[in-house]
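Structure file query18.cif with mmCIF, C-alpha atoms:
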```cif
data_start
loop_
_atom_site.group_PDB
_atom_site.id
_atom_site.type_symbol
_atom_site.label_atom_id
_atom_site.label_comp_id
_atom_site.auth_asym_id
_atom_site.auth_seq_id
_atom_site.Cartn_x
_atom_site.Cartn_y
_atom_site.Cartn_z
ATOM 1 C CA MET G 1 -28.444 -127.415 0.785
ATOM 2 C CA THR G 2 -24.698 -126.801 0.509
ATOM 3 C CA HIS G 3 -22.982 -128.476 -2.459
ATOM 4 C CA PRO G 4 -20.197 -130.881 -1.368
ATOM 5 C CA ALA G 5 -17.560 -128.862 -3.231
ATOM 6 C CA GLU G 6 -18.732 -125.655 -1.524
ATOM 7 C CA ALA G 7 -18.602 -127.379 1.858
ATOM 8 C CA LEU G 8 -15.038 -128.517 1.147
ATOM 9 C CA LEU G 9 -14.016 -125.042 0.033
ATOM 10 C CA ASP G 10 -15.474 -123.564 3.224
ATOM 11 C CA ARG G 11 -13.487 -126.077 5.255
ATOM 12 C CA TRP G 12 -10.311 -125.202 3.377
ATOM 13 C CA LEU G 13 -10.832 -121.470 3.879
ATOM 14 C CA ALA G 14 -11.212 -122.012 7.622
ATOM 15 C CA ASP G 15 -8.025 -124.071 7.750
ATOM 16 C CA ALA G 16 -6.112 -121.687 5.488
ATOM 17 C CA ALA G 17 -6.957 -118.764 7.774
ATOM 18 C CA LEU G 18 -5.301 -120.659 10.633
ATOM 19 C CA LEU G 19 -2.367 -121.929 8.584
ATOM 20 C CA ALA G 20 -1.494 -118.704 6.784
ATOM 21 C CA PRO G 21 -3.335 -115.755 8.358
ATOM 22 C CA GLU G 22 -1.207 -113.189 6.515
ATOM 23 C CA ALA G 23 -1.833 -114.647 3.045
ATOM 24 C CA GLY G 24 -5.323 -113.207 2.692
ATOM 25 C CA ARG G 25 -8.577 -114.462 1.246
ATOM 26 C CA ASP G 26 -7.583 -114.163 -2.425
ATOM 27 C CA LEU G 27 -4.636 -116.525 -1.964
ATOM 28 C CA TRP G 28 -6.672 -118.852 0.243
ATOM 29 C CA LEU G 29 -9.374 -119.017 -2.433
ATOM 30 C CA ALA G 30 -6.875 -119.581 -5.231
ATOM 31 C CA GLU G 31 -5.277 -122.465 -3.372
ATOM 32 C CA GLY G 32 -8.636 -123.946 -2.444
ATOM 33 C CA SER G 33 -9.718 -123.851 -6.080
ATOM 34 C CA LEU G 34 -6.486 -125.581 -7.098
ATOM 35 C CA LEU G 35 -7.019 -128.285 -4.491
ATOM 36 C CA LEU G 36 -10.588 -128.978 -5.604
ATOM 37 C CA ARG G 37 -9.566 -129.100 -9.266
ATOM 38 C CA GLY G 38 -6.872 -131.607 -8.422
ATOM 39 C CA TRP G 39 -9.223 -133.832 -6.446
ATOM 40 C CA SER G 40 -11.788 -133.688 -9.293
ATOM 41 C CA GLU G 41 -9.577 -134.827 -12.179
ATOM 42 C CA PRO G 42 -11.277 -137.224 -14.624
ATOM 43 C CA GLN G 43 -8.898 -140.173 -14.125
ATOM 44 C CA ARG G 44 -9.981 -140.515 -10.492
ATOM 45 C CA ARG G 45 -12.642 -142.915 -9.256
ATOM 46 C CA TYR G 46 -11.740 -143.534 -5.610
ATOM 47 C CA HIS G 47 -9.183 -140.763 -4.987
ATOM 48 C CA THR G 48 -11.842 -138.082 -5.366
ATOM 49 C CA THR G 49 -13.456 -135.415 -3.235
ATOM 50 C CA GLU G 50 -15.499 -138.248 -1.691
ATOM 51 C CA HIS G 51 -12.301 -139.791 -0.300
ATOM 52 C CA LEU G 52 -11.098 -136.365 0.841
ATOM 53 C CA THR G 53 -14.419 -135.770 2.613
ATOM 54 C CA GLU G 54 -14.189 -139.164 4.316
ATOM 55 C CA VAL G 55 -10.627 -138.511 5.480
ATOM 56 C CA LEU G 56 -11.608 -135.141 6.938
ATOM 57 C CA ALA G 57 -14.636 -136.693 8.668
ATOM 58 C CA ALA G 58 -12.434 -139.428 10.146
ATOM 59 C CA LEU G 59 -10.010 -136.783 11.403
ATOM 60 C CA ASP G 60 -12.928 -134.916 12.984
ATOM 61 C CA GLU G 61 -13.938 -138.117 14.771
ATOM 62 C CA LEU G 62 -10.388 -138.666 16.013
ATOM 63 C CA GLN G 63 -10.167 -135.088 17.271
ATOM 64 C CA GLU G 64 -13.480 -135.416 19.084
ATOM 65 C CA ALA G 65 -12.165 -138.623 20.681
ATOM 66 C CA GLY G 66 -9.057 -136.812 21.932
ATOM 67 C CA ALA G 67 -6.546 -138.527 19.643
ATOM 68 C CA VAL G 68 -5.289 -135.107 18.519
ATOM 69 C CA ASP G 69 -5.575 -131.599 19.902
ATOM 70 C CA ALA G 70 -6.627 -128.608 17.804
ATOM 71 C CA ASP G 71 -3.121 -127.808 16.531
ATOM 72 C CA GLU G 72 -2.367 -131.433 15.686
ATOM 73 C CA ALA G 73 -5.729 -131.762 13.967
ATOM 74 C CA LEU G 74 -4.946 -128.748 11.777
ATOM 75 C CA VAL G 75 -1.674 -130.342 10.657
ATOM 76 C CA ALA G 76 -3.455 -133.646 10.044
ATOM 77 C CA ARG G 77 -6.182 -131.993 7.966
ATOM 78 C CA THR G 78 -3.547 -130.187 5.929
ATOM 79 C CA VAL G 79 -1.926 -133.524 5.157
ATOM 80 C CA GLY G 80 -5.381 -134.724 4.189
ATOM 81 C CA TRP G 81 -5.861 -131.855 1.768
ATOM 82 C CA TYR G 82 -2.606 -132.569 -0.064
ATOM 83 C CA HIS G 83 -1.970 -136.303 0.313
ATOM 84 C CA ASP G 84 -3.485 -137.335 -3.026
ATOM 85 C CA LEU G 85 -3.318 -134.012 -4.826
ATOM 86 C CA ALA G 86 -1.148 -135.641 -7.495
ATOM 87 C CA TYR G 87 -2.801 -138.865 -8.582
ATOM 88 C CA ASP G 88 -2.140 -140.860 -11.738
ATOM 89 C CA PRO G 89 -3.008 -144.579 -11.538
ATOM 90 C CA ARG G 90 -0.418 -145.286 -14.229
ATOM 91 C CA ALA G 91 2.440 -143.615 -12.327
ATOM 92 C CA ALA G 92 5.354 -145.551 -10.875
ATOM 93 C CA PRO G 93 4.902 -146.728 -7.271
ATOM 94 C CA GLY G 94 5.569 -143.861 -4.872
ATOM 95 C CA SER G 95 5.476 -141.193 -7.558
ATOM 96 C CA ASN G 96 2.055 -139.845 -6.623
ATOM 97 C CA GLU G 97 2.878 -139.499 -2.930
ATOM 98 C CA HIS G 98 6.235 -137.830 -3.532
ATOM 99 C CA ARG G 99 4.747 -135.459 -6.100
ATOM 100 C CA SER G 100 1.942 -134.610 -3.686
ATOM 101 C CA ALA G 101 4.466 -133.981 -0.910
ATOM 102 C CA THR G 102 6.440 -131.639 -3.154
ATOM 103 C CA LEU G 103 3.277 -129.769 -4.129
ATOM 104 C CA ALA G 104 2.353 -129.427 -0.459
ATOM 105 C CA ARG G 105 5.784 -128.038 0.430
ATOM 106 C CA ASP G 106 5.858 -125.578 -2.467
ATOM 107 C CA HIS G 107 2.289 -124.349 -2.082
ATOM 108 C CA LEU G 108 2.343 -124.044 1.699
ATOM 109 C CA HIS G 109 5.598 -122.085 1.560
ATOM 110 C CA ARG G 110 4.013 -119.804 -1.029
ATOM 111 C CA LEU G 111 1.150 -119.155 1.393
ATOM 112 C CA GLY G 112 3.624 -118.316 4.157
ATOM 113 C CA VAL G 113 3.021 -121.353 6.379
ATOM 114 C CA ASP G 114 5.742 -121.798 9.001
ATOM 115 C CA ASP G 115 8.584 -124.225 8.263
ATOM 116 C CA GLY G 116 7.777 -126.635 11.084
ATOM 117 C CA THR G 117 4.234 -127.135 9.856
ATOM 118 C CA VAL G 118 5.391 -127.524 6.259
ATOM 119 C CA ASP G 119 7.913 -130.182 7.299
ATOM 120 C CA ALA G 120 5.258 -132.061 9.278
ATOM 121 C CA VAL G 121 2.802 -131.960 6.392
ATOM 122 C CA GLU G 122 5.395 -133.157 3.893
ATOM 123 C CA ALA G 123 6.337 -136.078 6.161
ATOM 124 C CA GLY G 124 2.694 -136.970 6.659
ATOM 125 C CA VAL G 125 2.011 -137.049 2.926
ATOM 126 C CA VAL G 126 5.021 -139.309 2.298
ATOM 127 C CA MET G 127 3.839 -141.645 5.080
ATOM 128 C CA THR G 128 0.677 -142.395 3.089
ATOM 129 C CA LEU G 129 2.851 -144.152 0.495
ATOM 130 C CA ASP G 130 2.892 -147.389 2.478
ATOM 131 C CA HIS G 131 1.464 -146.562 5.925
ATOM 132 C CA GLU G 132 4.540 -148.173 7.414
ATOM 133 C CA GLY G 133 6.676 -147.273 10.403
ATOM 134 C CA PRO G 134 6.201 -147.468 14.154
ATOM 135 C CA GLY G 135 4.293 -144.229 14.458
ATOM 136 C CA GLU G 136 7.005 -141.666 13.817
ATOM 137 C CA GLY G 137 5.816 -138.118 13.377
ATOM 138 C CA GLY G 138 3.608 -137.813 16.412
ATOM 139 C CA ALA G 139 -0.120 -137.671 16.954
ATOM 140 C CA ALA G 140 -0.940 -135.786 13.747
ATOM 141 C CA THR G 141 0.775 -138.387 11.568
ATOM 142 C CA ASP G 142 -0.877 -141.221 13.488
ATOM 143 C CA ALA G 143 -4.259 -139.594 12.916
ATOM 144 C CA VAL G 144 -3.606 -139.232 9.175
ATOM 145 C CA HIS G 145 -2.471 -142.853 9.007
ATOM 146 C CA ASP G 146 -5.764 -143.989 10.521
ATOM 147 C CA ALA G 147 -8.021 -141.554 8.669
ATOM 148 C CA ASP G 148 -6.592 -142.573 5.300
ATOM 149 C CA LEU G 149 -7.319 -146.209 6.208
ATOM 150 C CA TRP G 150 -10.782 -145.458 7.610
ATOM 151 C CA ILE G 151 -12.252 -146.819 4.382
ATOM 152 C CA LEU G 152 -11.222 -150.322 5.443
ATOM 153 C CA SER G 153 -13.743 -150.063 8.286
ATOM 154 C CA ALA G 154 -16.569 -148.634 6.181
ATOM 155 C CA PRO G 155 -19.987 -150.292 6.153
ATOM 156 C CA PRO G 156 -20.002 -153.190 3.658
ATOM 157 C CA PRO G 157 -21.885 -151.315 0.891
ATOM 158 C CA ARG G 158 -19.354 -148.466 0.982
ATOM 159 C CA TYR G 159 -16.465 -150.916 1.129
ATOM 160 C CA ALA G 160 -17.855 -152.684 -1.945
ATOM 161 C CA ALA G 161 -18.171 -149.346 -3.740
ATOM 162 C CA TYR G 162 -14.584 -148.479 -2.751
ATOM 163 C CA ARG G 163 -13.331 -151.758 -4.218
ATOM 164 C CA ALA G 164 -15.202 -151.075 -7.455
ATOM 165 C CA GLN G 165 -13.804 -147.537 -7.616
ATOM 166 C CA VAL G 166 -10.235 -148.777 -7.187
ATOM 167 C CA ARG G 167 -10.779 -151.362 -9.934
ATOM 168 C CA GLU G 168 -12.045 -148.604 -12.239
ATOM 169 C CA GLU G 169 -8.925 -146.527 -11.566
ATOM 170 C CA TYR G 170 -6.856 -149.523 -12.621
ATOM 171 C CA ALA G 171 -9.006 -150.503 -15.592
ATOM 172 C CA HIS G 172 -5.825 -150.584 -17.698
ATOM 173 C CA VAL G 173 -4.468 -153.486 -15.610
ATOM 174 C CA PRO G 174 -5.503 -157.028 -16.652
ATOM 175 C CA GLU G 175 -7.678 -158.865 -14.129
ATOM 176 C CA ASP G 176 -5.102 -161.464 -13.097
ATOM 177 C CA ALA G 177 -2.440 -158.821 -12.530
ATOM 178 C CA PHE G 178 -4.861 -156.604 -10.633
ATOM 179 C CA ARG G 179 -5.937 -159.463 -8.388
ATOM 180 C CA ALA G 180 -2.324 -160.351 -7.628
ATOM 181 C CA GLY G 181 -1.473 -156.735 -6.900
ATOM 182 C CA ARG G 182 -4.494 -156.287 -4.665
ATOM 183 C CA LEU G 183 -3.581 -159.428 -2.719
ATOM 184 C CA GLY G 184 -0.052 -158.096 -2.369
ATOM 185 C CA VAL G 185 -1.333 -154.889 -0.779
ATOM 186 C CA MET G 186 -4.286 -156.045 1.280
ATOM 187 C CA GLY G 187 -2.807 -159.317 2.533
ATOM 188 C CA PRO G 188 0.019 -157.679 4.509
ATOM 189 C CA LEU G 189 -2.424 -155.094 5.860
ATOM 190 C CA ALA G 190 -4.724 -157.801 7.166
ATOM 191 C CA ALA G 191 -1.739 -159.612 8.707
ATOM 192 C CA ARG G 192 -0.635 -156.637 10.801
ATOM 193 C CA GLU G 193 -0.860 -157.148 14.521
ATOM 194 C CA ARG G 194 -2.213 -153.599 14.830
ATOM 195 C CA LEU G 195 -3.947 -152.030 11.871
ATOM 196 C CA TYR G 196 -4.649 -148.596 13.373
ATOM 197 C CA ARG G 197 -2.287 -146.466 15.452
ATOM 198 C CA THR G 198 -4.657 -144.379 17.561
ATOM 199 C CA LYS G 199 -6.500 -145.865 20.527
ATOM 200 C CA HIS G 200 -9.880 -144.708 19.221
ATOM 201 C CA ALA G 201 -9.476 -146.196 15.757
ATOM 202 C CA HIS G 202 -8.035 -149.402 17.168
ATOM 203 C CA GLU G 203 -11.008 -149.811 19.493
ATOM 204 C CA HIS G 204 -13.784 -148.634 17.160
ATOM 205 C CA TRP G 205 -12.677 -149.352 13.573
ATOM 206 C CA ASP G 206 -10.453 -152.421 13.774
ATOM 207 C CA ALA G 207 -13.085 -155.179 13.944
ATOM 208 C CA ARG G 208 -15.052 -153.831 10.974
ATOM 209 C CA ALA G 209 -11.854 -153.333 8.974
ATOM 210 C CA ARG G 210 -10.646 -156.862 9.575
ATOM 211 C CA ALA G 211 -14.018 -158.304 8.612
ATOM 212 C CA ASN G 212 -13.959 -156.356 5.341
ATOM 213 C CA LEU G 213 -10.369 -157.341 4.614
ATOM 214 C CA GLN G 214 -10.928 -161.019 5.307
ATOM 215 C CA ALA G 215 -14.033 -161.098 3.104
ATOM 216 C CA GLU G 216 -12.180 -159.414 0.241
ATOM 217 C CA LEU G 217 -9.125 -161.647 0.563
ATOM 218 C CA ALA G 218 -11.265 -164.781 0.554
ATOM 219 C CA GLU G 219 -12.966 -163.599 -2.636
ATOM 220 C CA LEU G 220 -9.689 -162.705 -4.316
ATOM 221 C CA ARG G 221 -8.159 -166.074 -3.498
ATOM 222 C CA GLN G 222 -11.154 -167.986 -4.834
ATOM 223 C CA ALA G 223 -11.259 -166.126 -8.132
#
```
What would the structure in this file look like if it were written as structure tokens?
Amino acid sequence: MTHPAEALLDRWLADAALLAPEAGRDLWLAEGSLLLRGWSEPQRRYHTTEHLTEVLAALDELQEAGAVDADEALVARTVGWYHDLAYDPRAAPGSNEHRSATLARDHLHRLGVDDGTVDAVEAGVVMTLDHEGPGEGGAATDAVHDADLWILSAPPPRYAAYRAQVREEYAHVPEDAFRAGRLGVMGPLAARERLYRTKHAHEHWDARARANLQAELAELRQA
């Protein structure tokens, strides 16, 4: 049975060969090792290789549904690889996303990825800061938006585990402050007229996501 980290590395190597065919296997491997180390840092509880695996699986589902073509899916997966590469739960709001975007730009340029793809990846990583905007950036960005929020539509046991993982990442925050902050993030999400951008996610993930959100919000407000 393939170890999850080995499966992720294999996926990265396949993507790297498409992104930067001239870089060669040694550079692809070095970058893949760096990515996996980043996603495995000890301060992480939710923003781990499990989240990365779930994002990539959601992107696969969206590609199979026709939300993105092969080229767009490659860009979207590359955003997925880098979008939480820098993650410190104590960092200032926006710092992690902007640091991750800078790492993506620097590392992809070093591999020899073309400028257009690098620009698209950087924009996609920054979008994950607040998942706002009307859908600028095209199909790849829309797919990343939805894949990163797939967790909202997870089966209830996984959603409960996700909530516990997020709380562990913010163990340094007092309970009252955490509850208020969580309400401030999840409340506006639940109030959106459209939670997901792609047709497939809107049709297949929205109902489950809203049920999870409403259940969490009710619990937070009663506490």
How close does each residue of stretch 67-116 of chain G get to stretch 21-32 of chain G, giving the shortest atom pair and distance in Å to one decimal for every residue with an atom at most 9 Å away, counting only C-alpha atoms, sorted by chain and residue number, as a tab-separated table?
```
residue	atom	partner	partner_atom	distance
G:His107	CA	G:Glu31	CA	7.9
G:Arg110	CA	G:Ala23	CA	8.8
G:Leu111	CA	G:Ala23	CA	5.7
G:Gly112	CA	G:Ala23	CA	6.7
G:Val113	CA	G:Pro21	CA	8.7
```
Which of G:Gln43, G:Gln222, G:Ser153, G:Thr128 sits closest to G:Trp205 [using all atoms listed in the file]:
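Nearest to G:Trp205: G:Ser153.
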In the coordinates of the file, take the point (-13.8, -152.1, 13.2) and a cut-off of 12 Å; then, counting only C-alpha atoms, name each qualifying protein, DNA or RNA residue as a PyMOL selection string.
chain G and resi 146+149-156+194-196+200-213
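Note that the spacing between atom CA of G:Asp142 and atom CA of G:Gly94 amounts to 19.6 Å.
Nearest to G:Arg11 of all the residues G:Pro42, G:His51, G:Leu74, G:Tyr159 is G:Leu74, counting all atoms listed in the file.
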With all atoms of stretch 92-110 of chain G from the file as input, state the centre and edge lengths in Å to one decimal of the axis-aligned box that has 8 Å extra on each side, as lines of an AutoDock Vina configuration file.
```
center_x = 4.2
center_y = -133.3
center_z = -4.6
size_x = 20.5
size_y = 42.9
size_z = 28.6
```
Atom-to-atom span, atom CA of G:Leu220 and atom CA of G:Arg179, Å
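Interatomic distance here is 6.4 Å.
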Hits of the PyMOL selection byres ((chain G and resi 217) around 12) in this structure, as a PyMOL selection string
chain G and resi 163+179-191+210-216+218-223
May I have the residues within 8 Å of G:Tyr82 as a ChimeraX atom specification, using all atoms listed in the file and disregarding those fewer than 2 positions away in the same chain?
/G:35,78-80,84-85,100-101,103-104,125
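Going from atom CA of G:Gly138 over to atom CA of G:Leu8, you cover 25.8 Å.
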Let me know the residues the PyMOL selection byres ((chain G and resi 39) around 7) catches in the file above, as a PyMOL selection string.
chain G and resi 35-38+40-41+48-49+85
With a distance cut-off of 9 Å and all atoms listed in the file, select the neighbouring residues of G:Val118, excluding the residue or stretch itself and same-chain residues fewer than 5 positions from it, and output the selection as a PyMOL selection string.
chain G and resi 75+104-106+108-109+113+123
Considering all atoms listed in the file, can you say which of G:Val166, G:Ala147, G:Asp119, G:Leu18 comes closest to G:Asp60?
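Looking only at the distances to G:Asp60, the closest residue turns out to be G:Ala147.
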Given the file shown, enumerate the residues that the PyMOL selection byres ((chain G and resi 89) around 9) captures and present them as an MDAnalysis selection string.
chainID G and resid 43:44 87:88 90:92 96 169:170
